[in-house]
Amino acid sequence: MIVGIQSLIYFKLVYQDGSHLPWPLFICLTLITILLAAGGYVINDYYDRDIDKINKPHRLIAGQLWSLKKVKTIYAILVGSGFILSCWLGWRIGLLNHLFIYPIAVLGLWYYSYGLKCKPIIGNVWVSLFCAGVVIIVVLPDIIFDGTQHIRKELWFFLAFAFLTTWYREVVKDIEDREGDQKSNCQTAVVQFGEKAGKIMAIILGLLLVVALLMWDSGQTNGWVKLGLNVLQGFTVASMAFIWWAKNYTYYGHASNVIKLVMVGGTLLIFFM
């Protein structure tokens, strides 16, 4: 997903208009993002091992498939490799003074897994911001050098789309994982305020996503893109229906899968822009 999202943004929304980031260096940036995200997943599995024993016992990695020492070693290799590449990339494009972005991102993902994941609302917003960061980092060199006036408006719509779809899915996932989170004393908003409150929060985010898609749609002239955005609106409404009339946790699983389709569909639409 990271490779697909960043490649579409770079080649469809940035590169054709000229960029301060030549395509070989763009590949390096994508690799850094992948290493950072992989490190985030690894450290998340390390801190989530007690919750995962309940929520997904057959897919437990930390402490079962890998020893805890191996997990920490792999994490160090991933973030260390990403830092070395960040230093090289920063030197090549003349942005070494912005190297602080990488350690801040590493610490942010670590802190999410360590302390924010089980905090109501802020945990969901935090990870959504990082997903939006996957989008904005591609154009950051151009924004630093030239400002935002040359950035195509589709990028800002997709940035909002990435943020909202991630937050929406995170809330639905919290409803799905409520039992395991409760037993592990992970105080998400759903655990603290109940399933009904979680459903209301998810519906509000779903409605915000529909509004964002309608705004994106209103600025389009390409008929195929408009059709695609209409389909995404319909899928988003379908996901809200699964949530609102859920009779068991299977319904939330269906809603989560539909939201994933919306994420993929919205990303693929960039190809036609």
# chains A, B, ... in the order shown; residues from 1 in each chain; ligands from 1
>>> closest_atom_pairs(of="stretch 27-130 of chain A", to="stretch 191-213 of chain A", cutoff="10 Å", atoms="only C-alpha atoms", output="CSV")
residue,atom,partner,partner_atom,distance
A:Cys118,CA,A:Val191,CA,9.4
A:Lys119,CA,A:Gln192,CA,9.6
A:Pro120,CA,A:Gln192,CA,7.7
A:Ile121,CA,A:Met201,CA,9.7
>>> residues_around(residues="stretch 236-249 of chain A", least_positions_apart="3", cutoff="6 Å", atoms="only C-alpha atoms", output="CSV table (one decimal) with N, CA and C atoms, in the first residue's frame")
chain,number,residue,atom,x,y,z
A,176,GLU,N,-14.3,-4.1,17.2
A,176,GLU,CA,-14.0,-5.5,16.9
A,176,GLU,C,-13.2,-6.1,18.1
A,203,ILE,N,-20.0,6.1,13.0
A,203,ILE,CA,-21.0,6.7,12.0
A,203,ILE,C,-20.6,8.2,11.7
A,233,GLN,N,-18.5,6.5,-2.3
A,233,GLN,CA,-19.6,7.1,-1.3
A,233,GLN,C,-20.6,6.0,-1.0
A,252,TYR,N,-18.9,-6.1,12.2
A,252,TYR,CA,-17.9,-5.1,12.2
A,252,TYR,C,-16.7,-5.5,11.4
A,255,ALA,N,-17.7,-4.5,7.9
A,255,ALA,CA,-17.5,-3.1,7.8
A,255,ALA,C,-16.1,-2.7,7.6
A,258,VAL,N,-15.0,-3.5,4.1
A,258,VAL,CA,-15.5,-2.5,3.1
A,258,VAL,C,-14.7,-1.3,3.2
>>> select_by_dssp(residues="stretch 44-269 of chain A", states="helix (DSSP H, G or I)", output="JSON, numbers by chain")
{"A": [44, 45, 46, 47, 49, 50, 51, 52, 53, 54, 55, 57, 58, 59, 68, 69, 70, 71, 72, 73, 74, 75, 76, 77, 78, 79, 80, 81, 82, 83, 84, 85, 86, 87, 88, 89, 90, 91, 92, 96, 97, 98, 101, 102, 103, 104, 105, 106, 107, 108, 109, 110, 111, 112, 113, 114, 115, 116, 122, 123, 124, 125, 126, 127, 128, 129, 130, 131, 132, 133, 134, 135, 136, 137, 138, 139, 140, 141, 142, 143, 144, 145, 146, 153, 154, 155, 156, 157, 158, 159, 160, 161, 162, 163, 164, 165, 166, 167, 168, 169, 170, 171, 172, 173, 174, 175, 176, 178, 179, 180, 181, 182, 183, 189, 190, 191, 192, 193, 195, 196, 197, 198, 199, 200, 201, 202, 203, 204, 205, 206, 207, 208, 209, 210, 211, 212, 213, 214, 215, 216, 217, 218, 223, 224, 225, 226, 227, 228, 229, 230, 231, 232, 233, 234, 235, 236, 237, 238, 239, 240, 241, 242, 243, 244, 249, 250, 251, 252, 253, 254, 255, 256, 257, 258, 259, 260, 261, 262, 263, 264, 265, 266, 267, 268, 269]}
>>> closest_residue(among="A:Trp88, A:Gly80, A:Gly123, A:Tyr75", to="A:Leu25", atoms="only C-alpha atoms")
A:Trp88
>>> residues_around(residues="A:Thr267", least_positions_apart="5", cutoff="8 Å", atoms="only C-alpha atoms", output="MDAnalysis selection string")
chainID A and resid 4:5 8 158
>>> write_last_selection(atoms="N, CA and C atoms", output="PDB file, in the first residue's frame")
ATOM      1  N   GLY A   4       2.391   1.720  -3.459  1.00  0.00           N
ATOM      2  CA  GLY A   4       1.349   2.123  -4.399  1.00  0.00           C
ATOM      3  C   GLY A   4       0.918   3.566  -4.199  1.00  0.00           C
ATOM      4  N   ILE A   5       0.638   3.943  -2.943  1.00  0.00           N
ATOM      5  CA  ILE A   5       0.177   5.298  -2.642  1.00  0.00           C
ATOM      6  C   ILE A   5       1.236   6.326  -3.025  1.00  0.00           C
ATOM      7  N   LEU A   8       1.846   6.586  -6.909  1.00  0.00           N
ATOM      8  CA  LEU A   8       0.773   7.285  -7.619  1.00  0.00           C
ATOM      9  C   LEU A   8       0.831   8.788  -7.355  1.00  0.00           C
ATOM     10  N   PHE A 158      -6.852  13.964  -1.229  1.00  0.00           N
ATOM     11  CA  PHE A 158      -6.421  12.613  -0.889  1.00  0.00           C
ATOM     12  C   PHE A 158      -5.828  12.571   0.516  1.00  0.00           C
TER      13      PHE A 158
END
>>> atom_distance(atom1="atom CA of A:Trp110", atom2="atom CA of A:Gly40")
6.6 Å
>>> closest_residue(among="A:Leu85, A:Leu96, A:Cys28, A:Val264", to="A:Phe161", atoms="only C-alpha atoms")
A:Val264
